[in-house]
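Structure file input_15.txt with compact mmCIF, C-alpha atoms and all ligand atoms:
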# COMPACT_ATOMS: atom_id res chain seq x y z
CA MET A 1 0.00 0.00 0.00
CA GLY A 2 1.35 3.45 -0.95
CA LYS A 3 1.90 6.31 1.51
CA ASN A 4 -1.20 8.19 0.33
CA GLU A 5 -3.42 5.15 0.60
CA LYS A 6 -2.14 4.43 4.11
CA ALA A 7 -2.88 8.02 5.14
CA LYS A 8 -6.34 7.75 3.60
CA GLU A 9 -6.98 4.54 5.51
CA ARG A 10 -5.82 6.14 8.80
CA ARG A 11 -8.11 9.11 8.16
CA GLU A 12 -11.07 6.86 7.46
CA LYS A 13 -10.39 4.85 10.64
CA ARG A 14 -10.22 8.02 12.75
CA ARG A 15 -13.40 9.27 11.12
CA GLN A 16 -15.20 6.12 12.19
CA GLU A 17 -13.75 6.35 15.73
CA ILE A 18 -15.04 9.91 16.01
CA SER A 19 -18.52 9.07 14.82
CA LEU A 20 -18.58 6.46 17.59
CA LEU A 21 -17.23 8.94 20.14
CA ARG A 22 -19.98 11.36 19.19
CA THR A 23 -22.62 8.84 20.20
CA ILE A 24 -21.29 8.64 23.78
CA PRO A 25 -23.29 11.08 25.91
CA TYR A 26 -21.51 13.31 28.42
CA SER A 27 -22.03 12.04 31.95
CA ASP A 28 -23.58 14.29 34.58
CA HIS A 29 -20.25 14.96 36.25
CA GLN A 30 -18.69 15.98 32.92
CA ARG A 31 -21.46 18.41 32.08
CA TRP A 32 -20.19 21.68 33.51
CA TRP A 33 -22.75 23.58 31.41
CA SER A 34 -26.53 24.11 31.58
CA LYS A 35 -29.27 25.94 29.71
CA GLU A 36 -27.89 29.13 31.27
CA THR A 37 -24.52 28.61 29.57
CA ILE A 38 -24.29 31.03 26.65
CA ALA A 39 -22.34 30.18 23.50
CA VAL A 40 -21.83 32.77 20.76
CA VAL A 41 -21.02 31.51 17.26
CA THR A 42 -19.85 33.83 14.47
CA GLY A 43 -20.86 33.07 10.88
CA GLY A 44 -23.54 30.71 12.20
CA ASN A 45 -25.88 31.03 9.25
CA ARG A 46 -24.36 28.20 7.23
CA GLY A 47 -21.68 25.52 6.93
CA ILE A 48 -19.58 24.59 9.94
CA GLY A 49 -20.82 27.55 12.04
CA PHE A 50 -24.42 26.45 11.62
CA GLU A 51 -23.50 22.90 12.65
CA ILE A 52 -21.50 24.08 15.67
CA SER A 53 -24.56 26.10 16.72
CA ARG A 54 -26.84 23.11 16.25
CA GLN A 55 -24.60 20.68 18.14
CA LEU A 56 -23.94 23.02 21.08
CA ALA A 57 -27.67 23.68 21.42
CA ALA A 58 -28.37 19.94 21.17
CA HIS A 59 -26.03 19.48 24.17
CA GLY A 60 -28.34 21.78 26.13
CA LEU A 61 -26.62 25.16 25.95
CA THR A 62 -28.20 28.42 24.87
CA VAL A 63 -26.68 29.43 21.55
CA VAL A 64 -26.53 32.90 20.10
CA LEU A 65 -26.22 32.28 16.39
CA THR A 66 -24.85 35.35 14.64
CA SER A 67 -24.65 36.26 10.99
CA ARG A 68 -23.73 39.41 9.09
CA ASP A 69 -26.92 39.12 7.04
CA THR A 70 -30.00 39.48 9.25
CA ASN A 71 -32.53 37.67 7.03
CA VAL A 72 -30.30 34.67 6.42
CA GLY A 73 -29.35 34.48 10.10
CA LEU A 74 -32.96 34.70 11.29
CA GLU A 75 -33.87 31.89 8.89
CA ALA A 76 -31.00 29.69 10.13
CA ALA A 77 -31.93 30.28 13.79
CA LYS A 78 -35.57 29.52 12.97
CA VAL A 79 -34.63 26.12 11.53
CA LEU A 80 -32.90 25.23 14.81
CA GLN A 81 -35.68 26.69 16.99
CA GLU A 82 -38.21 24.59 15.09
CA GLY A 83 -36.12 21.57 16.06
CA GLY A 84 -36.75 22.52 19.71
CA LEU A 85 -33.30 24.00 20.30
CA ASN A 86 -32.51 27.01 22.42
CA VAL A 87 -31.07 29.24 19.72
CA PHE A 88 -31.36 33.02 19.35
CA PHE A 89 -30.19 35.27 16.60
CA HIS A 90 -28.34 38.57 16.49
CA GLN A 91 -26.72 40.37 13.59
CA LEU A 92 -22.92 40.49 13.75
CA ASP A 93 -20.31 41.44 11.18
CA VAL A 94 -16.88 40.72 12.67
CA LEU A 95 -15.36 43.53 10.61
CA ASP A 96 -17.83 46.24 11.57
CA PRO A 97 -17.07 47.98 14.90
CA LEU A 98 -20.62 49.37 15.10
CA SER A 99 -22.14 45.93 14.61
CA ILE A 100 -19.77 44.43 17.21
CA ASN A 101 -20.59 47.17 19.76
CA GLU A 102 -24.32 46.79 19.25
CA PHE A 103 -24.02 43.05 19.61
CA ALA A 104 -21.94 43.35 22.80
CA ASP A 105 -24.52 45.72 24.35
CA TRP A 106 -27.40 43.44 23.41
CA LEU A 107 -25.59 40.36 24.74
CA GLN A 108 -24.79 42.05 28.04
CA LYS A 109 -28.33 43.37 28.47
CA ASN A 110 -30.11 40.15 27.52
CA TYR A 111 -27.81 37.41 28.76
CA GLY A 112 -25.39 39.14 31.11
CA GLY A 113 -22.45 38.08 28.90
CA LEU A 114 -21.23 34.77 27.52
CA ASP A 115 -19.37 31.59 28.46
CA ILE A 116 -18.18 30.34 25.07
CA LEU A 117 -17.06 32.20 21.96
CA VAL A 118 -16.67 30.25 18.73
CA ASN A 119 -14.76 32.25 16.12
CA ASN A 120 -15.93 30.54 12.98
CA ALA A 121 -16.53 33.35 10.45
CA ALA A 122 -13.97 33.45 7.67
CA VAL A 123 -13.54 33.87 3.93
CA ASN A 124 -11.48 32.16 1.27
CA PHE A 125 -11.56 33.15 -2.38
CA ASN A 126 -9.46 30.30 -3.79
CA ILE A 127 -10.89 26.97 -4.83
CA GLY A 128 -9.14 23.89 -6.23
CA ASN A 129 -5.75 24.79 -7.66
CA ASP A 130 -6.27 28.56 -7.72
CA ASN A 131 -3.86 30.71 -5.83
CA SER A 132 -4.86 34.29 -6.36
CA VAL A 133 -4.12 36.96 -3.76
CA GLU A 134 -6.57 39.40 -5.30
CA HIS A 135 -8.62 39.42 -2.09
CA ALA A 136 -5.70 39.09 0.32
CA ARG A 137 -6.63 42.15 2.38
CA MET A 138 -10.20 40.95 2.90
CA VAL A 139 -8.96 37.46 3.80
CA ILE A 140 -6.46 38.71 6.39
CA GLU A 141 -8.93 41.29 7.74
CA THR A 142 -11.79 38.81 8.18
CA ASN A 143 -9.92 35.70 9.24
CA TYR A 144 -7.34 37.28 11.56
CA PHE A 145 -8.47 40.79 12.53
CA GLY A 146 -12.11 39.62 12.73
CA ILE A 147 -11.07 37.17 15.45
CA LYS A 148 -9.02 39.81 17.25
CA ASN A 149 -11.99 42.20 17.14
CA MET A 150 -14.27 39.56 18.63
CA ILE A 151 -11.88 38.49 21.36
CA GLN A 152 -11.30 42.10 22.39
CA ALA A 153 -15.04 42.79 22.50
CA MET A 154 -16.11 39.55 24.19
CA VAL A 155 -13.44 39.01 26.85
CA PRO A 156 -14.83 41.76 29.13
CA LEU A 157 -18.23 40.04 28.89
CA MET A 158 -17.03 36.54 29.73
CA LYS A 159 -18.77 35.26 32.82
CA PRO A 160 -16.61 34.16 35.72
CA SER A 161 -16.95 30.42 36.38
CA SER A 162 -15.03 27.59 37.98
CA ALA A 163 -15.07 25.66 34.67
CA GLY A 164 -13.48 28.62 32.89
CA SER A 165 -14.82 30.42 29.81
CA ARG A 166 -13.79 29.07 26.47
CA ILE A 167 -12.76 30.47 23.11
CA VAL A 168 -12.51 28.16 20.11
CA SER A 169 -11.28 29.45 16.76
CA VAL A 170 -11.89 27.47 13.60
CA SER A 171 -8.55 27.48 11.83
CA SER A 172 -6.72 25.23 9.38
CA ARG A 173 -3.77 22.91 9.02
CA LEU A 174 -2.80 25.15 6.11
CA GLY A 175 -1.65 27.61 8.76
CA ARG A 176 0.81 25.35 10.54
CA ILE A 177 4.27 26.71 11.30
CA HIS A 178 5.92 23.33 11.05
CA GLY A 179 3.80 21.67 8.36
CA ARG A 180 5.98 19.63 6.02
CA ARG A 181 4.38 21.35 3.07
CA ASN A 182 2.97 24.85 2.83
CA ARG A 183 4.99 26.55 5.54
CA VAL A 184 6.78 29.89 5.56
CA GLU A 185 10.30 29.53 4.21
CA ASP A 186 11.93 32.10 6.50
CA ALA A 187 13.47 29.99 9.32
CA ASN A 188 13.86 33.10 11.46
CA LEU A 189 10.15 33.92 11.22
CA ARG A 190 9.28 30.27 11.93
CA GLN A 191 11.44 30.43 15.03
CA GLN A 192 9.77 33.64 16.21
CA LEU A 193 6.33 32.13 15.68
CA GLY A 194 7.26 28.84 17.28
CA ASP A 195 9.07 30.05 20.40
CA PRO A 196 6.72 31.22 23.18
CA ASP A 197 9.39 33.64 24.43
CA LEU A 198 9.72 35.31 21.03
CA LEU A 199 6.10 35.15 19.87
CA SER A 200 3.96 38.25 20.41
CA GLU A 201 0.99 40.01 18.86
CA GLU A 202 3.47 42.46 17.27
CA VAL A 203 5.33 39.61 15.54
CA ILE A 204 2.05 38.35 14.04
CA ASP A 205 0.83 41.82 13.04
CA GLN A 206 4.21 42.52 11.45
CA MET A 207 4.04 39.25 9.51
CA VAL A 208 0.60 39.95 8.04
CA SER A 209 1.49 43.54 7.27
CA THR A 210 4.69 42.48 5.44
CA PHE A 211 2.65 39.95 3.48
CA LEU A 212 0.02 42.53 2.48
CA LYS A 213 2.70 45.04 1.54
CA GLN A 214 4.31 42.46 -0.75
CA VAL A 215 0.90 41.70 -2.28
CA GLU A 216 0.44 45.40 -2.96
CA ASP A 217 3.87 45.92 -4.51
CA GLY A 218 3.66 42.64 -6.46
CA THR A 219 6.62 40.88 -4.77
CA TRP A 220 4.74 38.30 -2.67
CA GLU A 221 5.60 35.37 -4.96
CA SER A 222 9.26 35.57 -3.99
CA GLY A 223 8.43 36.27 -0.32
CA GLY A 224 8.66 32.63 0.84
CA TRP A 225 5.00 32.42 1.88
CA PRO A 226 3.00 29.17 1.99
CA GLN A 227 2.34 28.04 -1.56
CA THR A 228 -1.22 26.74 -1.29
CA PHE A 229 -4.01 29.32 -0.88
CA THR A 230 -1.29 31.73 0.22
CA ASP A 231 -3.46 34.55 1.65
CA TYR A 232 -5.75 32.12 3.47
CA SER A 233 -2.79 30.13 4.85
CA VAL A 234 -1.11 33.30 6.16
CA SER A 235 -4.41 34.31 7.81
CA LYS A 236 -4.74 30.93 9.55
CA LEU A 237 -1.06 30.93 10.55
CA ALA A 238 -1.85 34.27 12.22
CA VAL A 239 -4.93 32.78 13.95
CA ASN A 240 -2.98 29.80 15.27
CA SER A 241 -0.19 32.04 16.54
CA TYR A 242 -2.62 34.51 18.12
CA THR A 243 -4.25 31.60 19.99
CA ARG A 244 -0.95 30.94 21.72
CA VAL A 245 -0.33 34.60 22.50
CA MET A 246 -3.76 34.95 24.08
CA ALA A 247 -3.46 31.67 26.01
CA LYS A 248 -0.33 33.04 27.67
CA ILE A 249 -2.05 36.32 28.54
CA PHE A 250 -5.18 34.54 29.84
CA SER A 251 -3.10 32.17 31.97
CA GLU A 252 -2.45 35.11 34.28
CA ARG A 253 -6.13 35.56 35.09
CA PRO A 254 -7.13 34.55 38.62
CA GLU A 255 -8.93 31.28 39.41
CA GLY A 256 -12.64 31.60 38.71
CA GLN A 257 -11.97 34.00 35.83
CA LYS A 258 -9.93 31.74 33.61
CA ILE A 259 -10.39 31.74 29.85
CA TYR A 260 -9.20 28.74 27.85
CA ILE A 261 -8.49 29.34 24.18
CA ASN A 262 -7.77 26.75 21.50
CA CYS A 263 -8.05 26.41 17.75
CA TYR A 264 -8.69 23.52 15.41
CA CYS A 265 -8.77 22.36 11.83
CA PRO A 266 -12.14 20.92 10.83
CA GLY A 267 -10.69 18.89 7.95
CA TRP A 268 -11.67 19.33 4.31
CA VAL A 269 -15.37 19.97 4.57
CA LYS A 270 -18.21 20.06 2.05
CA THR A 271 -19.32 23.67 2.48
CA ALA A 272 -19.67 26.76 0.30
CA MET A 273 -16.04 27.58 1.12
CA THR A 274 -14.78 24.52 -0.75
CA GLY A 275 -17.44 24.71 -3.45
CA TYR A 276 -18.97 21.68 -1.68
CA ALA A 277 -15.90 19.59 -2.46
CA GLY A 278 -14.22 18.11 0.62
CA ASN A 279 -14.38 14.65 2.11
CA ILE A 280 -16.46 15.21 5.24
CA SER A 281 -19.80 16.76 6.11
CA ALA A 282 -20.25 20.03 8.02
CA GLU A 283 -21.56 17.92 10.90
CA GLU A 284 -18.22 16.08 11.10
CA GLY A 285 -16.27 19.30 10.55
CA ALA A 286 -18.00 20.86 13.56
CA ASP A 287 -17.16 17.96 15.87
CA THR A 288 -13.75 18.93 17.24
CA GLY A 289 -14.89 22.53 17.78
CA VAL A 290 -17.87 21.41 19.85
CA TRP A 291 -15.73 18.91 21.74
CA LEU A 292 -13.18 21.64 22.56
CA ALA A 293 -15.87 24.09 23.66
CA LEU A 294 -17.30 21.50 26.06
CA LEU A 295 -14.12 19.92 27.41
CA PRO A 296 -14.88 18.86 30.97
CA ASP A 297 -13.02 20.91 33.56
CA GLN A 298 -9.50 20.59 32.14
CA ALA A 299 -7.24 23.53 31.70
CA ILE A 300 -6.29 22.78 28.09
CA THR A 301 -5.28 26.03 26.44
CA GLY A 302 -3.15 27.46 23.64
CA LYS A 303 -3.29 24.28 21.57
CA PHE A 304 -4.16 23.29 18.03
CA PHE A 305 -6.37 20.25 17.36
CA ALA A 306 -7.76 18.14 14.55
CA GLU A 307 -10.02 15.12 14.85
CA ARG A 308 -10.10 15.53 18.66
CA ARG A 309 -6.31 15.19 18.92
CA GLU A 310 -3.63 17.75 19.55
CA VAL A 311 -1.58 18.57 16.47
CA ARG A 312 1.78 20.34 16.52
CA PHE A 313 1.44 23.98 15.45
N1 LIG B 1 -14.63 24.01 4.60
C1 LIG B 1 -13.41 23.59 4.86
O1 LIG B 1 -12.91 22.61 4.26
C2 LIG B 1 -12.58 24.28 5.91
C3 LIG B 1 -11.28 23.79 6.14
C4 LIG B 1 -10.50 24.40 7.13
C5 LIG B 1 -11.03 25.45 7.84
N2 LIG B 1 -12.29 25.92 7.57
C6 LIG B 1 -12.80 27.03 8.38
O2 LIG B 1 -14.07 26.72 8.88
C7 LIG B 1 -14.80 27.94 9.15
C8 LIG B 1 -16.19 27.85 8.54
O3 LIG B 1 -16.06 27.73 7.14
P1 LIG B 1 -17.14 26.99 6.23
O4 LIG B 1 -16.42 25.92 5.51
O5 LIG B 1 -18.34 26.67 7.01
O6 LIG B 1 -17.41 28.16 5.16
P2 LIG B 1 -18.70 28.99 4.72
O7 LIG B 1 -19.85 28.09 4.50
O8 LIG B 1 -18.22 29.85 3.62
O9 LIG B 1 -19.03 29.88 6.01
C9 LIG B 1 -18.30 30.99 6.36
C10 LIG B 1 -19.15 31.82 7.29
O10 LIG B 1 -18.41 32.98 7.68
C11 LIG B 1 -19.28 34.09 7.52
N3 LIG B 1 -18.56 35.37 7.38
C12 LIG B 1 -17.67 35.74 6.44
N4 LIG B 1 -17.28 37.01 6.66
C13 LIG B 1 -17.92 37.45 7.76
C14 LIG B 1 -17.96 38.67 8.49
N5 LIG B 1 -17.23 39.74 8.12
N6 LIG B 1 -18.73 38.75 9.61
C15 LIG B 1 -19.48 37.69 10.00
N7 LIG B 1 -19.52 36.52 9.33
C16 LIG B 1 -18.74 36.41 8.23
C17 LIG B 1 -20.10 33.76 6.29
O11 LIG B 1 -21.22 34.62 6.21
P3 LIG B 1 -21.97 34.88 4.79
O12 LIG B 1 -22.91 33.70 4.62
O13 LIG B 1 -22.68 36.17 5.03
O14 LIG B 1 -20.94 34.94 3.73
C18 LIG B 1 -20.45 32.32 6.63
O15 LIG B 1 -21.48 32.26 7.56
C19 LIG B 1 -13.92 29.04 8.59
O16 LIG B 1 -13.17 29.61 9.64
C20 LIG B 1 -13.01 28.32 7.63
O17 LIG B 1 -11.81 29.00 7.40
C21 LIG B 1 -13.08 25.35 6.62
Please render this file's structure as structure tokens.
Amino acid sequence: MGKNEKAKERREKRRQEISLLRTIPYSDHQRWWSKETIAVVTGGNRGIGFEISRQLAAHGLTVVLTSRDTNVGLEAAKVLQEGGLNVFFHQLDVLDPLSINEFADWLQKNYGGLDILVNNAAVNFNIGNDNSVEHARMVIETNYFGIKNMIQAMVPLMKPSSAGSRIVSVSSRLGRIHGRRNRVEDANLRQQLGDPDLLSEEVIDQMVSTFLKQVEDGTWESGGWPQTFTDYSVSKLAVNSYTRVMAKIFSERPEGQKIYINCYCPGWVKTAMTGYAGNISAEEGADTGVWLALLPDQAITGKFFAERREVRF
């Protein structure tokens, strides 16, 4: 059997293991959440975000499904409400400060804050073998700065609890520092991103700003950036790195006010983003995100996961 076939077989085996794991209910002592536990999901109107909303609500939480388009979001929430789930809708565009402020006020007034934030909203303009950076600014803005905007706005609203609040960002293996393929060529930058003592928000911001500058002056192709879906990969590399920066900052919060933050790759999922290519359903793609959001009282933070397992950044 060739290397690719073996990998395919391993993937299929893990996929089956996970569908089994999903059938095992959480025991009462694992369930740190209740109907009063509030989970906010960005980009919840379709794809993986919709599924994460559905699964969290099916576990008994109250879900605030958000979407930048009000009509589409209301419709999505209605589908889940009609299934008997505790899901509410509010408009939210992760790039619009006004929309974020209005949402934060509404959330505070109506729910007194939140316990879980799922950063799911993102864009990707490349499909198949394309690799255009025409929309690089929008990709970096939405996928990286959108998450920063949301974390900044939501952290002050996170409810103190002994189980800790949770932030889960949907990211991608395409953004790994140490991936065998598709990594940044600059060993110095890789070292800065990979070493907790060197990594900082400034390092990440500098990286994305250098990338965008090279896109603007037409030199990005010789910049040593990841070769597949370059703009998207840089955005997810930034998300993964930011997860570790924030985990370090949050680790200084006192007991009772802890926030655990992790990110994960959903796999290659049949959604609008992949033109409905992909080898797994949105339901399967949502699984690790839901699992991370609900981890029973364990202080796992600053890590990257796929298929319910930790993966090296
Ligand atoms: N599909 C995959 O194979 C795959 C693989 C790895 C990672 N991911 C990640 O999984 C997550 C979900 O992707 P998906 O596959 O479910 O794609 P999708 O169906 O295209 O969903 C993306 C969602 O993000 C929303 N969004 C985009 N910009 C936004 C903004 N400024 N404010 C608020 N919402 C915004 C979209 O809203 P509209 O409907 O209004 O556009 C949509 O709801 C993303 O983070 C993606 O990068 C996906």
Using all atoms listed in the file, the shortest atom-to-atom distance to Ile261 in chain A among A:Ala121, A:Ile151, A:Leu212, A:Val40 belongs to A:Ile151
Taking 4 positions as the minimum chain separation for residues in the same chain, which residues sit within 10 Å of range 91-103 of chain A when counting only C-alpha atoms? Answer as a ChimeraX atom specification. /A:41-44,64-74,107-109,119,121-122,138,141-143,145-150,153-154
Write out as a ChimeraX atom specification the residues lying within 12 Å of Asn129 in chain A, counting only C-alpha atoms and excluding same-chain residues fewer than 4 positions away. /A:125,227-230,274
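In this structure, atom C1 of ligand LIG 1 (chain B) sits 6.1 Å away from CA of Met273 in chain A.
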Between CA of Leu117 in chain A and CA of Glu17 in chain A, what is the distance, to one decimal in Å?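 Pair CA of Leu117 in chain A / CA of Glu17 in chain A returns 26.8 Å.
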Could you check which of A:Glu82, A:Asp195, A:Asp297, A:Glu284 is closest to ligand LIG 1 (chain B), using all atoms listed in the file? A:Glu284
Do you have the CA of Cys263 in chain A-CA of Glu5 in chain A distance handy?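 Pair CA of Cys263 in chain A / CA of Glu5 in chain A returns 27.7 Å.
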Between A:Glu221, A:Phe304, A:Trp268, A:Ala286, which residue has the minimum interatomic distance to Ser241 in chain A, considering all atoms listed in the file?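 Nearest to Ser241 in chain A: A:Phe304.
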Pick from A:Gly128, A:Gly113, A:Gly164, A:Gly179: nearest to ligand LIG 1 (chain B), with all atoms listed in the file counted?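 Nearest to ligand LIG 1 (chain B): A:Gly128.
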Residue nearest Asp115 in chain A among A:Tyr264, A:Tyr276, A:Trp291, A:Trp33 (counting all atoms listed in the file):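 Using all atoms listed in the file, Asp115 in chain A sits closest to A:Trp33.
Distance check against ligand LIG 1 (chain B) using all atoms listed in the file: of A:Ile48, A:Val139, A:Leu199, A:Val118, the minimum falls on A:Ile48.
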Name the residues in contact with Leu237 in chain A at a cut-off of 8 Å, using only C-alpha atoms, excluding same-chain residues fewer than 2 positions from it; report them as a PyMOL selection string. chain A and resi 174-177+233-235+239-241
Near Cys265 in chain A, within 10 Å and counting all atoms listed in the file, which residues show up once chain neighbours fewer than 6 positions away are dropped, as a PyMOL selection string? chain A and resi 169-175+236+285-286+288-289+304-308+311
Atoms to include: C-alpha atoms. Write the selected residues as a PDB file, keeping the file's coordinate frame.
ATOM      1  CA  SER A 169     -11.280  29.450  16.760  1.00  0.00           C
ATOM      2  CA  VAL A 170     -11.890  27.470  13.600  1.00  0.00           C
ATOM      3  CA  SER A 171      -8.550  27.480  11.830  1.00  0.00           C
ATOM      4  CA  SER A 172      -6.720  25.230   9.380  1.00  0.00           C
ATOM      5  CA  ARG A 173      -3.770  22.910   9.020  1.00  0.00           C
ATOM      6  CA  LEU A 174      -2.800  25.150   6.110  1.00  0.00           C
ATOM      7  CA  GLY A 175      -1.650  27.610   8.760  1.00  0.00           C
ATOM      8  CA  LYS A 236      -4.740  30.930   9.550  1.00  0.00           C
ATOM      9  CA  GLY A 285     -16.270  19.300  10.550  1.00  0.00           C
ATOM     10  CA  ALA A 286     -18.000  20.860  13.560  1.00  0.00           C
ATOM     11  CA  THR A 288     -13.750  18.930  17.240  1.00  0.00           C
ATOM     12  CA  GLY A 289     -14.890  22.530  17.780  1.00  0.00           C
ATOM     13  CA  PHE A 304      -4.160  23.290  18.030  1.00  0.00           C
ATOM     14  CA  PHE A 305      -6.370  20.250  17.360  1.00  0.00           C
ATOM     15  CA  ALA A 306      -7.760  18.140  14.550  1.00  0.00           C
ATOM     16  CA  GLU A 307     -10.020  15.120  14.850  1.00  0.00           C
ATOM     17  CA  ARG A 308     -10.100  15.530  18.660  1.00  0.00           C
ATOM     18  CA  VAL A 311      -1.580  18.570  16.470  1.00  0.00           C
TER      19      VAL A 311
END
Using all atoms of ligand LIG 1 (chain B) that appear in the file, construct an axis-aligned enclosing box with 8 Å of padding on every side and provide its centre coordinates and edge lengths in Å, rounded to one decimal, as lines of an AutoDock Vina configuration file.
center_x = -16.7
center_y = 31.2
center_z = 6.8
size_x = 28.4
size_y = 33.1
size_z = 22.4
Arg14 in chain A surroundings by only C-alpha atoms, 12 Å radius, close-in-sequence under 2 positions cut, as a list of chain:residue names: A:Ala7, A:Lys8, A:Glu9, A:Arg10, A:Arg11, A:Glu12, A:Gln16, A:Glu17, A:Ile18, A:Ser19, A:Leu20, A:Leu21, A:Gly267, A:Glu284, A:Ala306, A:Glu307, A:Arg308, A:Arg309
